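Source file: coords27.cif; contents: mmCIF, C-alpha atoms.
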data_protein
loop_
_atom_site.label_atom_id
_atom_site.label_comp_id
_atom_site.auth_asym_id
_atom_site.auth_seq_id
_atom_site.Cartn_x
_atom_site.Cartn_y
_atom_site.Cartn_z
CA MET A 1 4.88 1.89 66.21
CA CYS A 2 8.01 3.22 67.88
CA ALA A 3 9.20 1.42 70.98
CA HIS A 4 12.16 1.22 73.32
CA VAL A 5 13.74 -2.22 73.11
CA LEU A 6 16.23 -3.73 75.52
CA VAL A 7 18.60 -6.13 73.74
CA ALA A 8 20.31 -8.64 76.05
CA GLU A 9 22.81 -10.54 73.88
CA ASP A 10 26.33 -11.58 74.87
CA ASP A 11 27.54 -11.81 71.25
CA GLU A 12 28.54 -8.22 70.56
CA MET A 13 28.31 -8.56 66.77
CA GLN A 14 24.82 -10.05 66.99
CA ALA A 15 23.77 -7.37 69.46
CA GLU A 16 24.99 -4.59 67.17
CA LEU A 17 23.18 -6.11 64.18
CA ILE A 18 19.93 -6.20 66.18
CA ARG A 19 20.46 -2.63 67.40
CA ARG A 20 20.97 -1.31 63.87
CA SER A 21 17.90 -3.18 62.61
CA LEU A 22 15.82 -1.70 65.42
CA LEU A 23 17.01 1.82 64.64
CA GLN A 24 16.11 1.32 60.97
CA GLU A 25 12.59 0.35 62.11
CA GLY A 26 12.30 3.60 64.06
CA HIS A 27 12.80 2.12 67.52
CA THR A 28 15.31 3.06 70.21
CA ALA A 29 17.48 0.43 71.82
CA THR A 30 19.61 -0.29 74.86
CA VAL A 31 22.17 -3.09 74.52
CA VAL A 32 23.61 -5.14 77.39
CA HIS A 33 25.73 -8.28 77.39
CA ASP A 34 24.93 -10.12 80.63
CA GLY A 35 21.88 -11.00 82.65
CA ARG A 36 22.56 -8.77 85.63
CA ALA A 37 22.95 -5.76 83.36
CA ALA A 38 19.71 -6.75 81.63
CA LEU A 39 17.78 -6.69 84.91
CA ASP A 40 19.31 -3.36 85.91
CA ALA A 41 18.48 -1.81 82.52
CA ALA A 42 14.93 -3.17 82.56
CA ARG A 43 14.24 -1.61 85.96
CA ARG A 44 15.89 1.67 84.99
CA ASP A 45 14.57 2.17 81.44
CA ARG A 46 11.17 0.39 81.55
CA PRO A 47 11.44 -0.92 77.95
CA ASP A 48 8.45 -1.89 75.83
CA LEU A 49 10.13 -5.14 74.77
CA VAL A 50 13.11 -7.24 75.81
CA VAL A 51 14.98 -9.27 73.19
CA LEU A 52 16.55 -11.86 75.46
CA ASP A 53 19.32 -14.31 74.61
CA LEU A 54 19.17 -17.41 76.79
CA MET A 55 22.91 -18.04 76.98
CA LEU A 56 23.83 -14.93 78.97
CA PRO A 57 26.66 -14.81 81.50
CA VAL A 58 26.17 -13.92 85.19
CA VAL A 59 22.38 -14.59 85.05
CA ASP A 60 21.09 -16.69 82.16
CA GLY A 61 18.06 -15.78 80.08
CA TYR A 62 15.74 -18.08 82.00
CA GLY A 63 16.69 -16.37 85.24
CA VAL A 64 16.22 -12.92 83.71
CA CYS A 65 12.80 -13.90 82.36
CA ARG A 66 11.74 -15.29 85.72
CA VAL A 67 12.67 -12.07 87.56
CA LEU A 68 11.13 -9.80 84.92
CA ARG A 69 7.84 -11.67 85.13
CA GLN A 70 7.78 -11.15 88.90
CA ASP A 71 8.33 -7.40 88.49
CA ASP A 72 6.56 -6.44 85.28
CA ASP A 73 4.48 -7.50 82.28
CA VAL A 74 7.04 -6.26 79.73
CA ALA A 75 6.95 -8.17 76.44
CA ILE A 76 9.77 -10.71 76.09
CA LEU A 77 11.09 -12.30 72.90
CA MET A 78 13.65 -15.03 73.56
CA LEU A 79 16.57 -15.87 71.29
CA THR A 80 18.01 -19.33 71.71
CA ALA A 81 20.45 -21.73 70.11
CA ARG A 82 18.59 -24.45 72.02
CA SER A 83 16.03 -25.71 69.55
CA THR A 84 14.52 -28.62 71.48
CA GLU A 85 10.82 -28.41 72.26
CA ASP A 86 11.46 -28.72 76.01
CA ASP A 87 13.77 -25.69 75.97
CA VAL A 88 11.18 -23.62 74.11
CA LEU A 89 8.36 -24.73 76.40
CA LEU A 90 10.38 -23.83 79.50
CA GLY A 91 10.80 -20.32 78.15
CA LEU A 92 7.06 -20.01 77.52
CA GLU A 93 6.23 -21.41 80.94
CA LEU A 94 8.40 -18.69 82.47
CA GLY A 95 6.33 -16.10 80.62
CA ALA A 96 8.10 -15.36 77.32
CA ASP A 97 5.77 -14.06 74.61
CA ASP A 98 7.67 -15.43 71.65
CA TYR A 99 10.94 -17.16 70.78
CA MET A 100 13.28 -17.53 67.86
CA THR A 101 15.92 -20.18 67.34
CA LYS A 102 19.36 -19.28 66.04
CA PRO A 103 20.37 -18.74 63.30
CA TYR A 104 17.66 -16.30 62.22
CA SER A 105 17.33 -13.51 59.69
CA PRO A 106 17.16 -9.89 60.88
CA ARG A 107 14.04 -9.37 58.74
CA GLU A 108 12.24 -12.23 60.48
CA LEU A 109 13.30 -10.93 63.89
CA MET A 110 11.93 -7.46 63.08
CA ALA A 111 8.66 -9.01 61.89
CA ARG A 112 8.36 -10.96 65.14
CA ILE A 113 9.08 -7.80 67.14
CA ARG A 114 6.34 -5.92 65.30
CA THR A 115 3.89 -8.72 66.07
CA VAL A 116 4.75 -8.88 69.77
CA LEU A 117 4.53 -5.09 70.13
CA ARG A 118 1.19 -5.00 68.33
CA ARG A 119 -0.21 -7.66 70.66
CA SER A 120 1.11 -5.97 73.78
CA ARG A 121 -0.35 -2.52 73.07
CA PRO A 122 -3.98 -1.37 73.30
CA PRO A 123 -5.83 -0.49 70.08
CA ALA A 124 -5.50 3.02 68.67
CA SER A 125 -8.00 5.67 69.72
CA GLY A 126 -10.62 6.96 67.32
CA ARG A 127 -12.24 3.59 66.72
CA PRO A 128 -15.48 2.44 68.36
CA ALA A 129 -14.57 0.97 71.73
CA PRO A 130 -15.10 -2.82 71.77
CA PRO A 131 -17.01 -4.11 74.78
CA VAL A 132 -15.50 -5.78 77.81
CA LEU A 133 -15.88 -9.55 77.37
CA ARG A 134 -17.12 -11.41 80.46
CA ALA A 135 -17.24 -15.15 81.02
CA ALA A 136 -16.47 -17.62 83.83
CA GLY A 137 -15.73 -14.82 86.31
CA LEU A 138 -13.22 -13.22 83.93
CA ALA A 139 -13.43 -9.79 82.33
CA VAL A 140 -11.24 -9.13 79.28
CA ASP A 141 -11.03 -5.44 78.33
CA PRO A 142 -9.80 -4.92 74.72
CA VAL A 143 -9.46 -1.15 75.21
CA ARG A 144 -7.37 -1.17 78.37
CA HIS A 145 -5.75 -4.47 77.40
CA GLU A 146 -6.56 -5.78 80.88
CA VAL A 147 -7.84 -9.01 82.37
CA ARG A 148 -9.63 -9.28 85.70
CA CYS A 149 -10.63 -12.37 87.60
CA GLU A 150 -13.49 -11.86 90.06
CA GLY A 151 -12.64 -8.16 89.97
CA SER A 152 -8.92 -8.55 90.70
CA PRO A 153 -6.35 -7.67 88.01
CA VAL A 154 -4.49 -10.52 86.33
CA ASP A 155 -1.00 -9.91 84.95
CA CYS A 156 -1.02 -11.58 81.54
CA THR A 157 1.65 -11.80 78.89
CA PRO A 158 0.50 -10.69 75.42
CA GLY A 159 0.15 -14.32 74.33
CA GLU A 160 -1.95 -15.22 77.38
CA TYR A 161 -4.10 -12.14 76.81
CA GLU A 162 -4.78 -13.08 73.19
CA ILE A 163 -5.88 -16.58 74.23
CA LEU A 164 -8.28 -15.20 76.82
CA LEU A 165 -9.57 -12.56 74.41
CA ALA A 166 -10.46 -15.20 71.81
CA MET A 167 -12.01 -17.59 74.32
CA ALA A 168 -13.98 -14.93 76.20
CA ALA A 169 -15.51 -13.82 72.90
CA GLU A 170 -16.97 -17.33 72.48
CA PRO A 171 -17.37 -18.97 75.91
CA GLY A 172 -18.28 -22.62 75.68
CA ARG A 173 -16.62 -23.01 72.29
CA VAL A 174 -13.90 -25.64 72.13
CA PHE A 175 -10.68 -24.30 70.60
CA SER A 176 -8.06 -26.65 69.23
CA ARG A 177 -4.42 -25.93 69.99
CA ARG A 178 -3.92 -25.07 66.34
CA GLN A 179 -6.69 -22.47 66.47
CA LEU A 180 -5.22 -20.91 69.61
CA LEU A 181 -1.82 -20.74 67.94
CA GLU A 182 -3.40 -18.73 65.15
CA CYS A 183 -4.87 -16.37 67.77
CA THR A 184 -1.55 -15.79 69.49
CA ARG A 185 1.08 -15.64 66.78
CA GLY A 186 -0.04 -17.28 63.57
CA ILE A 187 1.44 -20.40 62.06
CA ASP A 188 5.13 -20.46 61.27
CA ARG A 189 7.91 -22.97 61.11
CA ALA A 190 8.88 -22.58 64.78
CA SER A 191 5.39 -22.90 66.24
CA THR A 192 4.46 -25.93 68.30
CA GLU A 193 1.03 -26.83 69.56
CA ARG A 194 2.55 -27.82 72.89
CA ALA A 195 3.39 -24.15 73.38
CA ILE A 196 -0.33 -23.55 73.90
CA ASP A 197 -0.30 -26.03 76.79
CA ALA A 198 2.36 -23.89 78.48
CA HIS A 199 0.25 -20.75 78.05
CA ILE A 200 -2.86 -22.53 79.38
CA MET A 201 -0.95 -23.76 82.41
CA ASN A 202 0.21 -20.20 83.15
CA ILE A 203 -3.32 -18.80 82.78
CA ARG A 204 -4.71 -21.43 85.14
CA ARG A 205 -2.03 -20.62 87.68
CA LYS A 206 -3.19 -17.01 87.64
CA THR A 207 -6.97 -17.50 87.50
CA GLU A 208 -7.91 -20.81 89.13
CA ALA A 209 -8.28 -21.48 92.85
CA ASP A 210 -6.79 -24.92 92.20
CA PRO A 211 -4.93 -25.02 88.85
CA ARG A 212 -4.82 -28.82 89.00
CA HIS A 213 -8.63 -28.94 89.05
CA PRO A 214 -9.69 -25.99 86.88
CA THR A 215 -13.27 -24.77 86.78
CA ARG A 216 -12.86 -21.91 84.29
CA LEU A 217 -10.43 -22.93 81.60
CA LEU A 218 -11.31 -26.53 80.85
CA THR A 219 -9.59 -29.28 78.90
CA VAL A 220 -11.65 -31.11 76.30
CA PHE A 221 -9.61 -34.28 75.94
CA GLY A 222 -8.55 -35.09 72.42
CA VAL A 223 -9.73 -31.71 71.12
CA GLY A 224 -8.41 -28.67 73.00
CA TYR A 225 -9.66 -26.13 75.53
CA LYS A 226 -12.74 -24.07 76.30
CA LEU A 227 -13.76 -21.29 78.67
CA SER A 228 -16.70 -22.43 80.75
CA GLY A 229 -20.05 -20.64 80.85
CA GLU A 230 -22.09 -18.50 78.50
CA ARG A 231 -21.44 -14.91 77.59
CA PRO A 232 -24.01 -12.63 79.31
#
Could you render the structure from this file as structure tokens?
Amino acid sequence: MCAHVLVAEDDEMQAELIRRSLLQEGHTATVVHDGRAALDAARRDRPDLVVLDLMLPVVDGYGVCRVLRQDDDVAILMLTARSTEDDVLLGLELGADDYMTKPYSPRELMARIRTVLRRSRPPASGRPAPPVLRAAGLAVDPVRHEVRCEGSPVDCTPGEYEILLAMAAEPGRVFSRRQLLECTRGIDRASTERAIDAHIMNIRRKTEADPRHPTRLLTVFGVGYKLSGERP
């Protein structure tokens, strides 16, 4: 799975280590050291993934993520020395697909990159095409890796797409936050169940007429979430 990765990291030694690791994995890479350069490179090169440090000069990582999400659905993996849950949740609310806290091992970073790329790409051809899943006015297409709401396209991050894919396959089923974490990225030491709340909030913002009073993606208090309706 070869990809072009944009690395936005102001620490030049860290950036070079990431670049070399990416090349060893068979990817290509562009490296920049500030947020403005990251935005320019993203618009010019159209990368498959952005590895985004939060503590960038000129425009910080949060600002870069916010602008990228307005322009594109490129996969974003955040790197941060800020390890508090609120910092992580803010990144997810802005649309990041994954995050890693510093310090980290290059091997773990490459494993995370493989996972994000796998989630963000459609399945390989040659296999029987899975059906489009329809529930609560949503259509989730596993082949085209698309989501539509009442016929209109919905720009989803890979994590948001995986949540909708799992829930649309079993409308009416109540999923715990832990179960949804397993759908999106598996269980690891950095995962937090509150991260799912951030993804759910983003999905509601994109699919509900009134996100404060959802009719599609419902909260089951004390348990988790469910997609309303029955699969046709």
Practice problem: Name every residue that the PyMOL selection byres ((chain A and resi 137) around 12) selects in this structure, writing the answer as a VMD selection string with chains first and numbers rising. | Solution: chain A and resid 133 to 136 138 to 140 147 to 153 168 171 207 to 209 215 to 217 227 to 232
Exercise. Could you tell me which of A:Val220, A:Leu165, A:Leu54, A:Ala198 comes closest to Leu94 in chain A if we count all atoms listed in the file?
Key: A:Ala198
Centre and edge lengths, as AutoDock Vina command-line options, for the axis-aligned box enclosing every listed atom of range 106-122 of chain A with 6 Å of padding on each of the six sides, in Å to one decimal?
--center_x 6.6 --center_y -6.8 --center_z 66.3 --size_x 33.1 --size_y 22.9 --size_z 27.0
Quiz item: What separation in Å, quoted to one decimal, exists between CA of Ser21 in chain A and CA of Pro106 in chain A?
Solution: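 Distance reported for this atom pair: 7.0 Å.
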Exercise. Find, counting only C-alpha atoms, the residue in A:Val51, A:Ala195, A:Thr30, A:Arg66 that gets nearest to Arg112 in chain A.
Key: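 Smallest separation from Arg112 in chain A among the options: A:Val51.
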Quiz item: So how many Å separate CA of Thr157 in chain A and CA of Leu90 in chain A, to one decimal?
Solution: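 Atom-to-atom, CA of Thr157 in chain A and CA of Leu90 in chain A are spaced 14.9 Å apart.
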List, as a PDB file with C-alpha atoms, keeping the file's coordinate frame, every residue that the PyMOL selection byres ((chain A and resi 196) around 10) selects in the file provided.
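To be explicit, this is the file written out as part-v2.pdb:
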ATOM      1  CA  LEU A  89       8.360 -24.730  76.400  1.00  0.00           C
ATOM      2  CA  LEU A  92       7.060 -20.010  77.520  1.00  0.00           C
ATOM      3  CA  GLU A  93       6.230 -21.410  80.940  1.00  0.00           C
ATOM      4  CA  GLY A 159       0.150 -14.320  74.330  1.00  0.00           C
ATOM      5  CA  GLU A 160      -1.950 -15.220  77.380  1.00  0.00           C
ATOM      6  CA  ILE A 163      -5.880 -16.580  74.230  1.00  0.00           C
ATOM      7  CA  SER A 176      -8.060 -26.650  69.230  1.00  0.00           C
ATOM      8  CA  ARG A 177      -4.420 -25.930  69.990  1.00  0.00           C
ATOM      9  CA  ARG A 178      -3.920 -25.070  66.340  1.00  0.00           C
ATOM     10  CA  GLN A 179      -6.690 -22.470  66.470  1.00  0.00           C
ATOM     11  CA  LEU A 180      -5.220 -20.910  69.610  1.00  0.00           C
ATOM     12  CA  LEU A 181      -1.820 -20.740  67.940  1.00  0.00           C
ATOM     13  CA  THR A 184      -1.550 -15.790  69.490  1.00  0.00           C
ATOM     14  CA  SER A 191       5.390 -22.900  66.240  1.00  0.00           C
ATOM     15  CA  THR A 192       4.460 -25.930  68.300  1.00  0.00           C
ATOM     16  CA  GLU A 193       1.030 -26.830  69.560  1.00  0.00           C
ATOM     17  CA  ARG A 194       2.550 -27.820  72.890  1.00  0.00           C
ATOM     18  CA  ALA A 195       3.390 -24.150  73.380  1.00  0.00           C
ATOM     19  CA  ASP A 197      -0.300 -26.030  76.790  1.00  0.00           C
ATOM     20  CA  ALA A 198       2.360 -23.890  78.480  1.00  0.00           C
ATOM     21  CA  HIS A 199       0.250 -20.750  78.050  1.00  0.00           C
ATOM     22  CA  ILE A 200      -2.860 -22.530  79.380  1.00  0.00           C
ATOM     23  CA  MET A 201      -0.950 -23.760  82.410  1.00  0.00           C
ATOM     24  CA  ASN A 202       0.210 -20.200  83.150  1.00  0.00           C
ATOM     25  CA  GLY A 224      -8.410 -28.670  73.000  1.00  0.00           C
ATOM     26  CA  TYR A 225      -9.660 -26.130  75.530  1.00  0.00           C
TER      27      TYR A 225
END
Quiz item: Using only C-alpha atoms, which residues sit within 8 Å of range 63-65 of chain A once same-chain residues fewer than 2 positions away are excluded, as a list in words?
Solution: Gly35, Arg36, Ala38, Leu39, Val59, Asp60, Gly61, Val67, Leu68, Arg69, Ile76, Gly91, Leu94, Gly95 and Ala96 of chain A
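Rounded to one decimal, CA of Asp98 in chain A and CA of Val74 in chain A lie 12.2 Å from each other.
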Quiz item: Which is closer to Asp45 in chain A than all the others in A:Glu9, A:Ala3, A:Glu162, A:Pro130, using all atoms listed in the file?
Solution: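 Of A:Glu9, A:Ala3, A:Glu162, A:Pro130, the one nearest Asp45 in chain A, counting all atoms listed in the file, is A:Ala3.
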Quiz item: With all atoms listed in the file as the basis for distance, which of A:Glu108, A:Glu170, A:Asp34, A:Asp87 is at the shortest distance from Leu6 in chain A?
Solution: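 Smallest separation from Leu6 in chain A among the options: A:Asp34.
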Exercise. Compare A:Arg46, A:His27, A:Lys226, A:Arg212 by their minimum atom-to-atom distance to Leu117 in chain A, counting all atoms listed in the file, and give me the closest one.
Key: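 Closest to Leu117 in chain A, using all atoms listed in the file: A:His27.
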Selection near Leu17 in chain A, 12 Å with only C-alpha atoms, sequence-local residues under 2 positions removed, as a PDB file with C-alpha atoms, keeping the file's coordinate frame:
ATOM      1  CA  VAL A   7      18.600  -6.130  73.740  1.00  0.00           C
ATOM      2  CA  GLU A   9      22.810 -10.540  73.880  1.00  0.00           C
ATOM      3  CA  ASP A  11      27.540 -11.810  71.250  1.00  0.00           C
ATOM      4  CA  GLU A  12      28.540  -8.220  70.560  1.00  0.00           C
ATOM      5  CA  MET A  13      28.310  -8.560  66.770  1.00  0.00           C
ATOM      6  CA  GLN A  14      24.820 -10.050  66.990  1.00  0.00           C
ATOM      7  CA  ALA A  15      23.770  -7.370  69.460  1.00  0.00           C
ATOM      8  CA  ARG A  19      20.460  -2.630  67.400  1.00  0.00           C
ATOM      9  CA  ARG A  20      20.970  -1.310  63.870  1.00  0.00           C
ATOM     10  CA  SER A  21      17.900  -3.180  62.610  1.00  0.00           C
ATOM     11  CA  LEU A  22      15.820  -1.700  65.420  1.00  0.00           C
ATOM     12  CA  LEU A  23      17.010   1.820  64.640  1.00  0.00           C
ATOM     13  CA  GLN A  24      16.110   1.320  60.970  1.00  0.00           C
ATOM     14  CA  ALA A  29      17.480   0.430  71.820  1.00  0.00           C
ATOM     15  CA  VAL A  31      22.170  -3.090  74.520  1.00  0.00           C
ATOM     16  CA  TYR A 104      17.660 -16.300  62.220  1.00  0.00           C
ATOM     17  CA  SER A 105      17.330 -13.510  59.690  1.00  0.00           C
ATOM     18  CA  PRO A 106      17.160  -9.890  60.880  1.00  0.00           C
ATOM     19  CA  ARG A 107      14.040  -9.370  58.740  1.00  0.00           C
ATOM     20  CA  LEU A 109      13.300 -10.930  63.890  1.00  0.00           C
ATOM     21  CA  MET A 110      11.930  -7.460  63.080  1.00  0.00           C
TER      22      MET A 110
END
Quiz item: Counting only C-alpha atoms, which of A:Ala169, A:Val58, A:Cys156, A:Cys183 gets nearest to Arg205 in chain A?
Solution: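 Going through A:Ala169, A:Val58, A:Cys156, A:Cys183 one by one, the smallest distance to Arg205 in chain A is for A:Cys156.
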